[in-house]
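Trainee: Sharing a structure, written as structure tokens. Questions coming.
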Amino acid sequence: MARLLLLGPAREAAGIGNDEIDGNSVTEVLQEAVRRYGTGFEDVLRISQIWINGEPGESRTSVGPHDQIAVLPPISGGCN
Amino acid sequence: MARLLLLGPAREAAGIGNDEIDGNSVTEVLQEAVRRYGTGFEDVLRISQIWINGEPGESRTSVGPHDQIAVLPPISGGCN
Amino acid sequence: MESAPTLDWVSIASTPLSSAELTTWATRANCGAVVTFCGMVRDNSHDLEEIEALEYETDVELAERRIVDIIAEARIRWTNLGAIAIHHRMGRVELSESAVVIVVSAPHRGPAFEAAAFCIDAVKSCVPMWKRELWQGGSAWSEEGRAIMKVQEMPSLEPDPETSSARTQ
Amino acid sequence: MESAPTLDWVSIASTPLSSAELTTWATRANCGAVVTFCGMVRDNSHDLEEIEALEYETDVELAERRIVDIIAEARIRWTNLGAIAIHHRMGRVELSESAVVIVVSAPHRGPAFEAAAFCIDAVKSCVPMWKRELWQGGSAWSEEGRAIMKVQEMPSLEPDPETSSARTQ
């Protein structure tokens with residue numbers, strides 16, 4: 001179980017920005033997320049970074065209900 | 001004869017900012033200026049640029065009553 | 001951060017930015033230079049001609065943490081800076097409004113320019129922030145996507161040796 | 001120049017400067033970057049610790065001509081700039097007031113930063129302007145004297161190849 005935070009194109013593809021998903025590791029949570037949100041989300045996930053509790057993380061990391069997994073697609077820059 | 005413009009330390013050393021001085025060339029005008037203002041001014045003049053009518057000029061240039069000779073000591077920069 | 005802090009001021013909010021307020025805030029008696037950068041919504045991008053607004057999406061907590069990292073890194077790379085402010089809008093930002101304002105004060109102008117340029121480069125490269133371009137009747141994510149970088153991986157802005165002596169006076 | 005001109009705004013006057021006014025003035029729909037530099041009176045110089053004001057002496061006509069040259073040269077070196085303002089105080093300027101404000105807008109931030117840095121470097125090197133430092137009970141000409149340069153002789157600010165691609169986006 002972990003809290004999922006989806007941003008920008010990942011939020012748009014999933015149709016949701018925050019979710020709670022079962023799973024003991026980042027990999028398990030994201031596999032369930034793909035099942036839930038479909039292939040459009042999977043395409044974005046493939047090119048995204050994963051941050052765990054605010055820092056870049058590894059997909060084999062184990063997670064609990066208080067951990068936040070953020071999906072961060074490529075950015076386009078703040079301005080000009 | 002020419003109009004003399006003295007700036008910054010040159011004005012301070014001469015005790016005057018604007019003057020009219022006889023002379024047919026820049027050299028003649030500045031020689032007369034040194035006679036008039038003394039050695040303190042001569043010291044500043046030695047390290048100064050001379051501009052004629054707003055542009056860097058040559059001391060042998062001939063001048064008339066409408067020409068401006070400016071004495072510009074080294075600058076210290078506008079700020080920081 | 002609600003009231004203006006002393007040295008570093010980070011904000012991500014949906015209210016308009018005031019570069020004038022930040023410039024005044026950054027003024028310090030020992031600083032001869034204040035450099036202010038406004039990143040504004042302009043009417044065109046790579047492939048669009050008539051942009052009328054941008055919309056920024058972020059997570060405030062994640063983004064502010066990264067901006068704090070950027071300021072810390074700037075203070076490591078330039079050791080004698082005065083105040084640093086980085087404020088970023090989120091949500092819709094109209095044409096010619098500032099989406100981001102960065103202000104750096106320093107005793108001398110060289111470090112103030114360099115640190116301000118570093119900060120906006122780092123904001124564009126290291127902060128989780130997504131931009132939609134809005135035009136009459138449509139919108140799309142901005143296309144120039146790249147992976148978020150770590151602040152410490154930002155390339156250094158080497159001062160040009162030919163001009164750095166003049167610029168560090 | 002009494003009312004705000006369109007592209008280039010040069011002023012030498014004894015009244016306080018408003019960087020906010022110039023930043024707003026420089027905003028253009030096609031410009032994503034506005035860089036504002038404030039050169040402020042600081043409380044110390046090379047050998048003095050408690051400066052309370054500076055006093056600037058110039059000839060307005062000669063100085064404004066040189067500033068016009070600086071802007072022309074900036075537009076040669078960076079061909080895609082928006083607006084450029086260079087305003088300089090003369091007479092007495094108090095601690096933490098701006099003695100000079102430079103604003104450059106451009107479509108992209110790289111040229112805006114570089115041209116603004118060039119302009120202040122050139123103002124310091126090419127404009128006939130003398131500075132007295134004033135402290136409690138005394139004053140003296142600032143000591144760092146050098147000959148006035150021609151604008152065309154200013155060294156170029158080569159962008160660092162490592163970072164210029166990021167900075168010219």
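Residues are named by chain letter and number: chains run A, B, ... in the order of the structure tokens, numbers start at 1 in each chain, and ligands are numbered from 1 in the order shown.
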Taking the chain letters and numbering used in this document, name the residues of chain A that DSSP puts in alpha helix (DSSP H), as a list in words.
Mentor: Pro9, Ala10, Arg11, Glu12, Ala13, Ala14, Val26, Thr27, Glu28, Val29, Leu30, Gln31, Glu32, Ala33, Val34, Arg35, Arg36, Tyr37, Thr39, Gly40, Phe41, Glu42, Asp43, Val44, Leu45 and Arg46 of chain A
Trainee: Tell me, counting only C-alpha atoms, for each residue of chain B within 12 Å of chain D, which pair of atoms is nearest and how far apart they are in Å to one decimal, in rows ordered by chain and increasing number, as a Markdown table.
Mentor:
| residue | atom | partner | partner_atom | distance |
| --- | --- | --- | --- | --- |
| B:Leu5 | CA | D:Asp59 | CA | 8.7 |
| B:Leu6 | CA | D:Asp59 | CA | 9.3 |
| B:Leu7 | CA | D:Thr58 | CA | 6.7 |
| B:Gly8 | CA | D:Trp130 | CA | 5.5 |
| B:Pro9 | CA | D:Trp141 | CA | 7.6 |
| B:Ala10 | CA | D:Trp130 | CA | 10.4 |
| B:Arg11 | CA | D:Glu57 | CA | 10.0 |
| B:Glu12 | CA | D:Trp141 | CA | 10.3 |
| B:Gly17 | CA | D:Asp59 | CA | 10.1 |
| B:Asn18 | CA | D:Asp59 | CA | 11.0 |
| B:Val44 | CA | D:Gly145 | CA | 11.8 |
| B:Arg46 | CA | D:Ala147 | CA | 11.8 |
| B:Ile47 | CA | D:Ala147 | CA | 8.2 |
| B:Ser48 | CA | D:Ala147 | CA | 7.4 |
| B:Gln49 | CA | D:Ala147 | CA | 7.3 |
| B:Ile50 | CA | D:Ile148 | CA | 10.4 |
| B:Trp51 | CA | D:Leu62 | CA | 9.6 |
| B:Ile52 | CA | D:Leu62 | CA | 10.7 |
| B:Asn53 | CA | D:Leu62 | CA | 9.0 |
| B:Gly54 | CA | D:Leu62 | CA | 5.9 |
| B:Glu55 | CA | D:Leu62 | CA | 8.6 |
| B:Pro56 | CA | D:Lys150 | CA | 9.0 |
| B:Gln68 | CA | D:Leu62 | CA | 11.1 |
| B:Ile69 | CA | D:Leu62 | CA | 11.6 |
| B:Ala70 | CA | D:Leu62 | CA | 9.4 |
| B:Val71 | CA | D:Pro128 | CA | 10.1 |
| B:Leu72 | CA | D:Pro128 | CA | 7.0 |
| B:Pro73 | CA | D:Ala147 | CA | 7.2 |
| B:Pro74 | CA | D:Ala147 | CA | 4.5 |
| B:Ile75 | CA | D:Gly145 | CA | 5.0 |
| B:Ser76 | CA | D:Gly145 | CA | 4.7 |
| B:Gly77 | CA | D:Lys124 | CA | 4.1 |
| B:Gly78 | CA | D:Lys124 | CA | 5.0 |
| B:Cys79 | CA | D:Gly39 | CA | 5.7 |
| B:Asn80 | CA | D:Gly39 | CA | 6.4 |
Trainee: If you count only C-alpha atoms, which residues fall within 12 Å of Cys119 (chain C), apart from same-chain ones fewer than 2 positions away, as a PyMOL selection string?
Mentor: (chain A and resi 78) or (chain C and resi 10+35-39+66-75+77-78+84-87+100-104+111-117+121-127+151+154-157) or (chain D and resi 109+167)
Trainee: What gap, in Å, lies between CA of Ala26 (chain D) and CA of Ala29 (chain C)?
Mentor: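 Going from CA of Ala26 (chain D) over to CA of Ala29 (chain C) covers 27.1 Å.
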Trainee: Would you please work out which residue, of C:Glu97, C:Asp43, C:Asp8, C:Glu133, is nearest to chain D when using only C-alpha atoms?
Mentor: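 Looking at the shortest contact to chain D, the residue is C:Asp43.
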Trainee: Go ahead and compute the interatomic distance for CA of Arg92 (chain D) and CA of Ala53 (chain D), in Å to one decimal.
Mentor: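 Answer for the CA of Arg92 (chain D) to CA of Ala53 (chain D) separation: 6.7 Å.
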Trainee: Expressed in Å to a single decimal, how great is the separation between CA of Arg35 (chain A) and CA of Ala14 (chain A)?
Mentor: 10.6 Å
Trainee: Which residue, C:Gln136, C:Ser3, C:Ser96, C:Asn80, has the smallest gap to chain D when you use only C-alpha atoms?
Mentor: C:Ser96
Trainee: Would you mind listing what lies within 7 Å of Asp67 (chain A) as a ChimeraX atom specification, with only C-alpha atoms counted and same-chain residues fewer than 2 positions away left out?
Mentor: /A:2-3,53,63-65,69
Trainee: Okay, now the selection with N, CA and C atoms, as a compact mmCIF listing (two decimals), in the first residue's frame?
Mentor:
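Done, and the output landed in out33.txt:
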# COMPACT_ATOMS: atom_id res chain seq x y z
N ALA A 2 0.56 2.20 -0.89
CA ALA A 2 1.30 3.48 -0.88
C ALA A 2 0.41 4.54 -1.48
N ARG A 3 0.80 5.79 -1.22
CA ARG A 3 0.10 6.92 -1.82
C ARG A 3 0.76 7.22 -3.16
N ASN A 53 8.95 9.57 -1.69
CA ASN A 53 9.02 10.55 -0.59
C ASN A 53 9.88 11.76 -0.97
N VAL A 63 7.61 -0.38 0.08
CA VAL A 63 6.84 0.79 0.52
C VAL A 63 5.73 0.39 1.48
N GLY A 64 5.38 1.34 2.36
CA GLY A 64 4.27 1.18 3.28
C GLY A 64 3.22 2.26 3.05
N PRO A 65 2.17 2.25 3.85
CA PRO A 65 1.03 3.16 3.62
C PRO A 65 1.39 4.64 3.75
N ILE A 69 4.68 7.67 -3.66
CA ILE A 69 5.33 7.38 -4.95
C ILE A 69 4.84 8.41 -5.96
Trainee: What's the 7 Å shell around Pro107 (chain C), counting only C-alpha atoms, without same-chain residues fewer than 6 positions away, as a list of chain:residue names?
Mentor: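 My list of contacting residues is C:Asn30, C:Cys31, C:Gly32, C:Ala33.
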